[in-house]
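Source file: query_9.txt. Holds: compact mmCIF, C-alpha atoms.
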# COMPACT_ATOMS: atom_id res chain seq x y z
CA MET A 16 63.76 95.73 146.96
CA GLY A 17 60.80 93.50 147.56
CA LYS A 18 60.04 90.14 146.02
CA ARG A 19 57.08 91.53 144.02
CA GLN A 20 59.25 94.28 142.48
CA ARG A 21 61.95 91.79 141.43
CA GLU A 22 59.33 89.61 139.75
CA GLU A 23 57.97 92.62 137.85
CA GLU A 24 61.46 93.60 136.60
CA ALA A 25 62.20 90.02 135.49
CA GLU A 26 58.89 89.94 133.61
CA LEU A 27 59.70 93.25 131.89
CA GLU A 28 63.13 91.90 130.81
CA ARG A 29 61.48 88.74 129.46
CA GLU A 30 58.99 90.80 127.47
CA GLU A 31 61.81 92.93 126.04
CA ARG A 32 63.74 89.82 124.96
CA GLU A 33 60.64 88.39 123.33
CA ALA A 34 60.02 91.67 121.47
CA ASP A 35 63.65 91.72 120.26
CA ALA A 36 63.34 88.10 119.20
CA HIS A 37 60.26 88.86 117.10
CA ALA A 38 62.00 91.90 115.58
CA GLY A 39 65.18 89.87 114.88
CA LYS A 40 67.39 92.16 117.03
CA PHE A 41 68.59 89.55 119.53
CA LEU A 42 71.94 87.76 119.67
CA PRO A 43 72.16 83.94 119.96
CA SER A 44 74.21 84.35 123.14
CA GLN A 45 71.20 86.01 124.83
CA ILE A 46 69.08 82.86 124.48
CA ARG A 47 69.20 80.67 127.55
CA ASN A 48 67.78 77.50 126.03
CA LYS A 49 70.70 75.53 124.54
CA CYS A 50 68.77 73.93 121.64
CA LYS A 51 67.17 77.23 120.56
CA ARG A 52 70.50 79.04 120.96
CA SER A 53 72.31 76.57 118.68
CA GLU A 54 69.50 76.84 116.09
CA ALA A 55 69.69 80.64 116.16
CA TYR A 56 73.48 80.54 115.85
CA ALA A 57 73.25 78.18 112.85
CA LYS A 58 70.81 80.58 111.14
CA VAL A 59 73.10 83.58 111.75
CA LYS A 60 76.10 81.62 110.42
CA LEU A 61 74.19 80.57 107.29
CA GLU A 62 73.12 84.17 106.61
CA LYS A 63 76.73 85.37 106.93
CA LYS A 64 77.90 82.64 104.57
CA LYS A 65 75.27 83.60 101.97
CA ALA A 66 76.16 87.30 102.25
CA LYS A 67 79.86 86.47 101.79
CA LYS A 68 79.13 84.32 98.75
CA GLN A 69 77.00 87.07 97.22
CA LYS A 70 79.78 89.60 97.84
CA PHE A 71 82.31 87.39 96.00
CA LYS A 72 79.88 86.93 93.09
CA GLN A 73 79.44 90.69 92.75
CA ARG A 74 83.21 91.23 92.87
CA ASP A 75 83.85 88.59 90.18
CA ALA A 76 81.10 90.07 87.98
CA ALA A 77 82.65 93.55 88.34
CA ASP A 78 86.11 92.16 87.40
CA LYS A 79 84.67 90.38 84.35
CA GLU A 80 82.81 93.51 83.23
CA ALA A 81 85.97 95.63 83.58
CA LEU A 82 88.02 93.17 81.52
CA GLU A 83 85.36 93.11 78.78
CA LEU A 84 85.48 96.92 78.59
CA GLY A 85 89.29 96.78 78.38
CA GLU A 86 89.79 98.38 81.78
CA LEU A 87 91.76 97.23 84.79
CA PRO A 88 89.64 95.51 87.45
CA PRO A 89 89.33 97.36 90.78
CA PRO A 90 92.21 96.52 93.15
CA ARG A 91 91.44 93.91 95.77
CA LYS A 92 91.91 94.66 99.43
CA ILE A 93 94.95 93.08 101.09
CA PRO A 94 94.00 91.41 104.40
CA ARG A 95 95.77 92.73 107.48
CA THR A 96 98.05 90.13 109.04
CA ILE A 97 100.74 90.22 111.70
CA GLU A 98 103.37 89.72 108.98
CA ASN A 99 102.39 92.64 106.73
CA THR A 100 101.85 94.97 109.72
CA ARG A 101 105.21 94.21 111.35
CA GLU A 102 107.17 97.02 112.96
CA ALA A 103 109.56 98.90 110.70
CA ASP A 104 113.10 97.48 110.85
CA GLU A 105 116.22 99.22 109.54
CA THR A 106 118.01 95.90 109.04
CA VAL A 107 115.61 94.56 106.39
CA ALA A 108 117.81 93.64 103.42
CA GLU A 109 117.05 95.18 100.02
CA PRO A 110 117.91 93.32 96.78
CA ASP A 111 120.18 96.15 95.56
CA ASP A 112 122.03 96.66 98.87
CA GLU A 113 125.70 96.97 97.83
CA GLU A 114 126.96 96.86 101.42
CA LEU A 115 125.17 93.54 102.05
CA GLN A 116 126.52 92.08 98.79
CA ALA A 117 130.06 93.04 99.83
CA GLU A 118 129.55 91.37 103.24
CA VAL A 119 128.14 88.22 101.62
CA GLY A 120 131.15 87.96 99.32
CA ALA A 121 133.59 87.95 102.24
CA ASP A 122 131.77 86.14 105.07
CA GLU A 123 132.44 82.66 106.52
CA PHE A 124 130.00 80.98 104.10
CA SER A 125 131.17 82.48 100.79
CA ASN A 126 133.45 79.50 99.93
CA TYR A 127 130.45 77.13 100.05
CA PHE A 128 128.62 79.15 97.38
CA LYS A 129 131.78 79.39 95.24
CA HIS A 130 131.99 75.56 95.33
CA ASP A 131 135.47 75.75 96.92
CA ILE A 132 134.34 73.65 99.93
CA THR A 133 132.14 70.55 99.99
CA PRO A 134 130.02 70.42 103.18
CA LYS A 135 130.86 67.61 105.61
CA VAL A 136 128.68 67.54 108.74
CA LEU A 137 129.30 65.86 112.09
CA LEU A 138 126.06 64.99 113.89
CA THR A 139 125.98 64.15 117.60
CA THR A 140 123.78 64.40 120.68
CA SER A 141 124.03 65.50 124.29
CA GLN A 142 125.96 63.25 126.70
CA GLN A 143 122.75 61.81 128.14
CA ASN A 144 120.59 60.81 125.19
CA SER A 145 117.55 58.59 124.75
CA VAL A 146 115.89 56.57 121.96
CA PRO A 147 113.65 59.42 120.57
CA THR A 148 116.72 61.66 120.11
CA ARG A 149 118.69 58.91 118.35
CA LYS A 150 115.73 58.20 116.05
CA PHE A 151 115.53 61.91 115.21
CA CYS A 152 119.25 61.88 114.37
CA GLN A 153 118.66 58.89 112.12
CA ASP A 154 116.07 60.91 110.17
CA LEU A 155 118.46 63.87 109.89
CA LEU A 156 121.14 61.58 108.42
CA ALA A 157 118.72 60.78 105.58
CA VAL A 158 118.11 64.52 104.94
CA ILE A 159 121.63 66.04 105.05
CA PRO A 160 124.07 64.65 102.46
CA ASN A 161 127.62 63.78 103.58
CA CYS A 162 126.53 63.73 107.24
CA PHE A 163 128.11 61.36 109.80
CA TYR A 164 126.81 60.43 113.25
CA TYR A 165 129.22 60.06 116.19
CA LYS A 166 128.33 58.94 119.70
CA ARG A 167 128.94 61.77 122.18
CA GLY A 168 130.35 59.73 125.04
CA THR A 169 131.90 61.88 127.79
CA TYR A 170 133.61 64.41 125.48
CA ASN A 171 132.83 68.08 125.94
CA LEU A 172 131.96 70.30 122.99
CA LYS A 173 135.37 72.02 122.75
CA GLN A 174 137.06 68.63 122.37
CA ILE A 175 134.55 67.69 119.66
CA VAL A 176 135.27 70.97 117.80
CA LYS A 177 139.04 70.22 117.77
CA TYR A 178 138.40 66.64 116.62
CA ALA A 179 136.07 67.82 113.82
CA ILE A 180 138.55 70.46 112.55
CA ASN A 181 141.33 67.83 112.41
CA ARG A 182 139.03 65.48 110.42
CA GLU A 183 138.11 68.30 107.97
CA PHE A 184 134.45 68.59 108.97
CA THR A 185 132.82 71.87 107.95
CA SER A 186 129.94 71.92 110.48
CA ILE A 187 128.79 70.32 113.74
CA VAL A 188 125.13 69.76 114.59
CA VAL A 189 124.35 68.85 118.21
CA ILE A 190 120.85 67.70 119.27
CA ASN A 191 120.08 68.38 122.94
CA GLU A 192 117.23 66.82 124.88
CA ASN A 193 115.13 67.28 127.99
CA ARG A 194 112.95 64.60 129.60
CA LYS A 195 113.87 62.14 126.85
CA GLU A 196 112.60 64.47 124.09
CA PRO A 197 114.78 66.54 121.68
CA ASN A 198 114.44 70.20 122.62
CA GLY A 199 117.49 72.04 121.28
CA MET A 200 119.82 72.26 118.28
CA LEU A 201 123.32 73.72 118.16
CA VAL A 202 124.89 74.46 114.76
CA VAL A 203 128.64 75.23 114.73
CA ASN A 204 130.32 76.35 111.53
CA LEU A 205 133.98 75.30 111.32
CA PRO A 206 136.72 76.34 111.66
CA GLU A 207 135.94 79.98 112.61
CA GLY A 208 132.26 79.97 113.51
CA PRO A 209 129.66 81.36 113.97
CA THR A 210 127.61 79.21 116.40
CA ALA A 211 123.82 79.29 116.49
CA HIS A 212 121.62 77.89 119.25
CA PHE A 213 117.99 77.04 118.47
CA LYS A 214 115.08 75.89 120.56
CA LEU A 215 113.65 72.72 118.97
CA SER A 216 109.95 71.85 119.15
CA SER A 217 107.09 70.04 117.36
CA VAL A 218 109.31 67.16 116.26
CA VAL A 219 107.55 64.55 114.08
CA LEU A 220 109.55 61.62 112.73
CA GLY A 221 109.15 60.53 109.12
CA LYS A 222 107.54 57.20 110.01
CA ASP A 223 104.80 59.02 111.97
CA ILE A 224 103.72 61.18 108.99
CA LYS A 225 100.69 59.81 107.16
CA GLY A 226 101.49 58.78 103.58
CA HIS A 227 105.20 59.54 104.00
CA GLY A 228 107.73 58.73 101.29
CA ARG A 229 111.26 57.36 101.43
CA ALA A 230 114.09 59.79 100.64
CA THR A 231 116.68 58.86 98.01
CA ARG A 232 120.40 59.61 98.21
CA HIS A 233 120.24 62.38 95.61
CA GLN A 234 121.35 65.83 96.72
CA PRO A 235 118.25 67.92 97.51
CA GLU A 236 117.14 71.35 96.40
CA LEU A 237 117.24 73.90 99.22
CA ILE A 238 114.46 76.48 99.70
CA LEU A 239 115.06 79.35 102.14
CA ASN A 240 111.92 81.42 102.51
CA ASN A 241 111.24 84.79 104.20
CA PHE A 242 114.67 85.47 105.78
CA THR A 243 114.39 89.22 105.18
CA THR A 244 116.65 90.98 107.72
CA ARG A 245 120.44 90.95 107.77
CA LEU A 246 120.39 88.59 110.74
CA GLY A 247 117.90 86.35 108.95
CA HIS A 248 120.06 86.44 105.82
CA ARG A 249 123.05 85.28 107.86
CA VAL A 250 121.09 82.47 109.52
CA GLY A 251 119.76 81.36 106.12
CA ARG A 252 123.30 81.16 104.73
CA MET A 253 124.32 79.08 107.75
CA PHE A 254 121.57 76.55 106.96
CA ALA A 255 122.63 76.60 103.29
CA SER A 256 126.23 75.74 104.30
CA LEU A 257 125.00 72.34 105.57
CA PHE A 258 123.90 71.30 102.06
CA PRO A 259 125.84 71.01 98.77
CA GLN A 260 125.05 73.82 96.33
CA ASP A 261 124.66 71.52 93.30
CA PRO A 262 121.29 69.76 93.71
CA ASN A 263 120.49 66.63 91.72
CA PHE A 264 117.07 67.33 90.19
CA ARG A 265 116.53 63.69 89.23
CA GLY A 266 116.00 62.87 92.91
CA ARG A 267 113.04 65.32 93.06
CA ARG A 268 113.89 66.15 96.67
CA ALA A 269 113.22 69.55 98.25
CA VAL A 270 114.28 70.72 101.73
CA THR A 271 112.52 73.86 103.01
CA PHE A 272 113.38 76.28 105.83
CA HIS A 273 110.40 78.64 106.07
CA ASN A 274 110.64 81.59 108.47
CA GLN A 275 107.37 82.96 109.82
CA ARG A 276 107.23 85.30 112.84
CA ASP A 277 110.80 84.19 113.80
CA PHE A 278 109.78 80.52 113.90
CA ILE A 279 111.68 78.44 111.32
CA PHE A 280 109.60 75.54 110.00
CA PHE A 281 111.50 72.62 108.46
CA ARG A 282 109.92 70.33 105.84
CA HIS A 283 111.34 67.63 103.57
CA HIS A 284 109.38 66.67 100.44
CA ARG A 285 109.75 64.84 97.17
CA TYR A 286 107.60 65.86 94.23
CA ILE A 287 105.83 63.18 92.19
CA PHE A 288 104.46 63.16 88.65
CA GLU A 289 101.48 60.85 88.21
CA SER A 290 99.31 60.07 85.20
CA ARG A 291 95.62 59.62 85.97
CA GLU A 292 92.66 58.80 83.81
CA ILE A 293 90.16 61.59 83.20
CA LYS A 294 86.66 60.50 84.06
CA GLU A 295 84.25 61.34 81.26
CA LYS A 296 80.49 61.58 81.37
CA LYS A 297 78.81 58.40 80.19
CA GLU A 298 76.98 58.86 76.89
CA LYS A 299 74.00 56.72 75.91
CA LEU A 300 74.94 54.79 72.77
CA HIS A 301 72.52 53.12 70.40
CA LYS A 302 72.37 49.33 70.64
CA ALA A 303 73.31 49.05 66.96
CA ASP A 304 76.80 50.67 67.59
CA PRO A 305 78.73 48.26 69.86
CA LYS A 306 82.03 49.09 68.03
CA LYS A 307 81.94 52.74 69.10
CA ALA A 308 81.47 51.71 72.70
CA LYS A 309 84.52 49.41 72.50
CA GLU A 310 86.69 52.15 70.94
CA LYS A 311 85.80 54.54 73.75
CA LYS A 312 86.76 51.96 76.36
CA LYS A 313 90.10 51.25 74.68
CA GLN A 314 91.23 54.90 74.52
CA PRO A 315 90.98 56.47 78.01
CA LYS A 316 92.23 60.05 78.31
CA GLU A 317 95.08 60.72 80.75
CA GLU A 318 96.52 63.80 82.42
CA VAL A 319 99.74 64.33 84.37
CA ILE A 320 99.30 65.50 87.96
CA THR A 321 102.08 66.89 90.14
CA ARG A 322 101.93 66.52 93.90
CA LEU A 323 104.19 66.71 96.95
CA GLN A 324 104.89 63.75 99.20
CA GLU A 325 106.38 64.49 102.60
CA CYS A 326 109.38 62.36 103.61
CA GLY A 327 110.01 63.78 107.07
CA PRO A 328 111.11 64.64 109.62
CA ARG A 329 109.32 67.89 110.41
CA PHE A 330 110.25 70.26 113.24
CA THR A 331 110.24 73.92 114.29
CA LEU A 332 113.23 76.05 115.33
CA LYS A 333 113.37 79.29 117.32
CA MET A 334 116.74 81.01 117.43
CA MET A 335 117.99 81.86 120.93
CA SER A 336 121.51 83.13 120.18
CA LEU A 337 124.17 83.65 117.51
CA GLN A 338 127.76 83.64 118.77
CA HIS A 339 131.03 84.76 117.16
CA GLY A 340 133.48 81.94 116.61
CA THR A 341 133.04 78.35 117.74
CA PHE A 342 131.19 77.35 120.91
CA ASP A 343 132.43 79.12 124.05
CA SER A 344 129.96 79.50 126.90
CA LYS A 345 132.34 81.50 129.15
CA TYR A 346 134.17 84.04 127.00
CA GLY A 347 132.26 83.93 123.74
CA GLU A 348 130.97 87.18 122.18
CA TYR A 349 127.40 87.19 120.94
CA GLU A 350 126.29 88.72 117.65
CA TRP A 351 122.68 88.37 118.78
CA LEU A 352 121.09 87.09 121.98
CA HIS A 353 117.38 86.75 122.64
CA LYS A 354 116.19 88.31 125.91
CA PRO A 355 112.66 88.40 127.35
CA ASP A 356 112.57 92.23 127.37
CA MET A 357 113.01 92.21 123.57
CA ASP A 358 109.49 90.82 123.11
CA THR A 359 107.79 94.21 123.44
CA SER A 360 105.29 93.65 120.62
CA ARG A 361 103.68 90.81 118.68
CA ARG A 362 104.66 92.63 115.49
CA ARG A 363 108.38 92.84 116.17
CA PHE A 364 110.49 90.25 114.34
CA PHE A 365 114.26 89.79 114.03
CA LEU A 366 114.69 87.31 111.15
Output the file's structure as structure tokens, nothing else.
Amino acid sequence: MGKRQREEEAELEREEREADAHAGKFLPSQIRNKCKRSEAYAKVKLEKKKAKKQKFKQRDAADKEALELGELPPPRKIPRTIENTREADETVAEPDDEELQAEVGADEFSNYFKHDITPKVLLTTSQQNSVPTRKFCQDLLAVIPNCFYYKRGTYNLKQIVKYAINREFTSIVVINENRKEPNGMLVVNLPEGPTAHFKLSSVVLGKDIKGHGRATRHQPELILNNFTTRLGHRVGRMFASLFPQDPNFRGRRAVTFHNQRDFIFFRHHRYIFESREIKEKKEKLHKADPKKAKEKKKQPKEEVITRLQECGPRFTLKMMSLQHGTFDSKYGEYEWLHKPDMDTSRRRFFL
């Protein structure tokens, strides 16, 4: 192909692009000039935004018209997400599942919910621990009531389990670390298990959260969200066994374990009631009525606003294994163990 022919083809392509540009059939990505490309992209984005706004207006008008006629408004489309398109799972627990209710009434955690046992938690770290891990443990002590921190020293975990059973502890929580950062959590229910191992990530201490509050010593409310399968139900009950089942509502504390796509997000909040003045539009008063102006200033309108204040810490857990009995790395039997070949689909979840 000669030089003259290449020039002719390039000129033809340029003419086609110009024709498409005049007709409005081009894409911003086809424009080579950066400034013109960004301008074209901004125009396309604005048009999409206007079309979306117009669509919402039409939908609201149709809903209003249907309600005025005494009819039901047309059903709204449910957006497709990874959660609502998850793979079918036989182990998803139903509210009226009699078999699950029988299991719950006789499992290792039933005495906590019958108020026969008061939770008492032993908190410790790995043998080699650093300042960030100890600070994280300090935050956990403020979250979990009746929780006591013990230095690990050179004791192995089996010795700690025996010690905790003799001192009437109901659970052990061990924080592991890697490269001077907490990266794992082990929860052991005493005296008969089970033992859960979690990968720990995205740790943020309370003091590093903007506008954080200070937790009181009141017993918190516990919120367990989206633990739908039988395995998830069991893990949720294990977390519940760390907290007393009689929250003190005066403390306005709430501890949340939210499961989403098998990642368990932990948050600690306190809810606040505040009274704020309602700003009113200024009215022009006649100069001859100064008393009315004074009365309006003296009687400001107030409204009560409820908001959440995060106390911290915040972190994310990913369950790696659930073992029968107390910790035993050699001969322990696993109820559930995560393996790489189990991750066959993005829409397959276990909790």
Sel. within 12 Å of pt (137.0, 68.3, 117.0), counting all atoms listed in the file, output as a VMD selection string: chain A and resid 136 to 139 165 167 170 to 187 203 to 206 341 to 342
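Proximity of A:Gln234, A:Gln69, A:Asn198, A:Gln142 to A:Lys333, computed with all atoms listed in the file, is greatest for A:Asn198.
Between atom CA of A:Gly221 and atom CA of A:Asp154 there is a distance of 7.0 Å.
Atom to atom, atom CA of A:Gln275 and atom CA of A:Lys67 stand 28.9 Å apart.
The interatomic distance for the pair atom CA of A:Thr133 and atom CA of A:Pro235 works out to 14.4 Å.
You can rank A:Leu332, A:Val219, A:Ala77, A:Cys50 by their closest distance to A:Phe278 using only C-alpha atoms, and at the top of that list sits A:Leu332.
Counting all atoms listed in the file, the residue from A:Ser256, A:Thr271, A:Ser216, A:Ser360 that sits nearest to A:Asp131 is A:Ser256.
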Using only C-alpha atoms, which protein or nucleic acid residues come within 8 Å of A:Ser145? Drop anything in the same chain fewer than 4 positions from it, and give the result as a compact mmCIF listing (two decimals) with C-alpha atoms, in the coordinates of the input.
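Writing the result to part-v7.txt gives the following:
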# COMPACT_ATOMS: atom_id res chain seq x y z
CA ARG A 149 118.69 58.91 118.35
CA LYS A 195 113.87 62.14 126.85
CA GLU A 196 112.60 64.47 124.09
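Within 12 Å of A:His353, once only C-alpha atoms are used and residues closer than 3 positions along the same chain are dropped, the contacting residues are Ala211, His212, Phe213, Lys214, Asp277, Lys333, Met334, Met335, Ser336, Leu337, Gln338, Tyr349, Glu350, Asp356, Met357, Asp358, Phe364, Phe365 and Leu366 of chain A.
Considering all atoms listed in the file, the residue among A:Asn240, A:Gln153, A:Gln45, A:Thr231 positioned nearest to A:Phe281 is A:Asn240.
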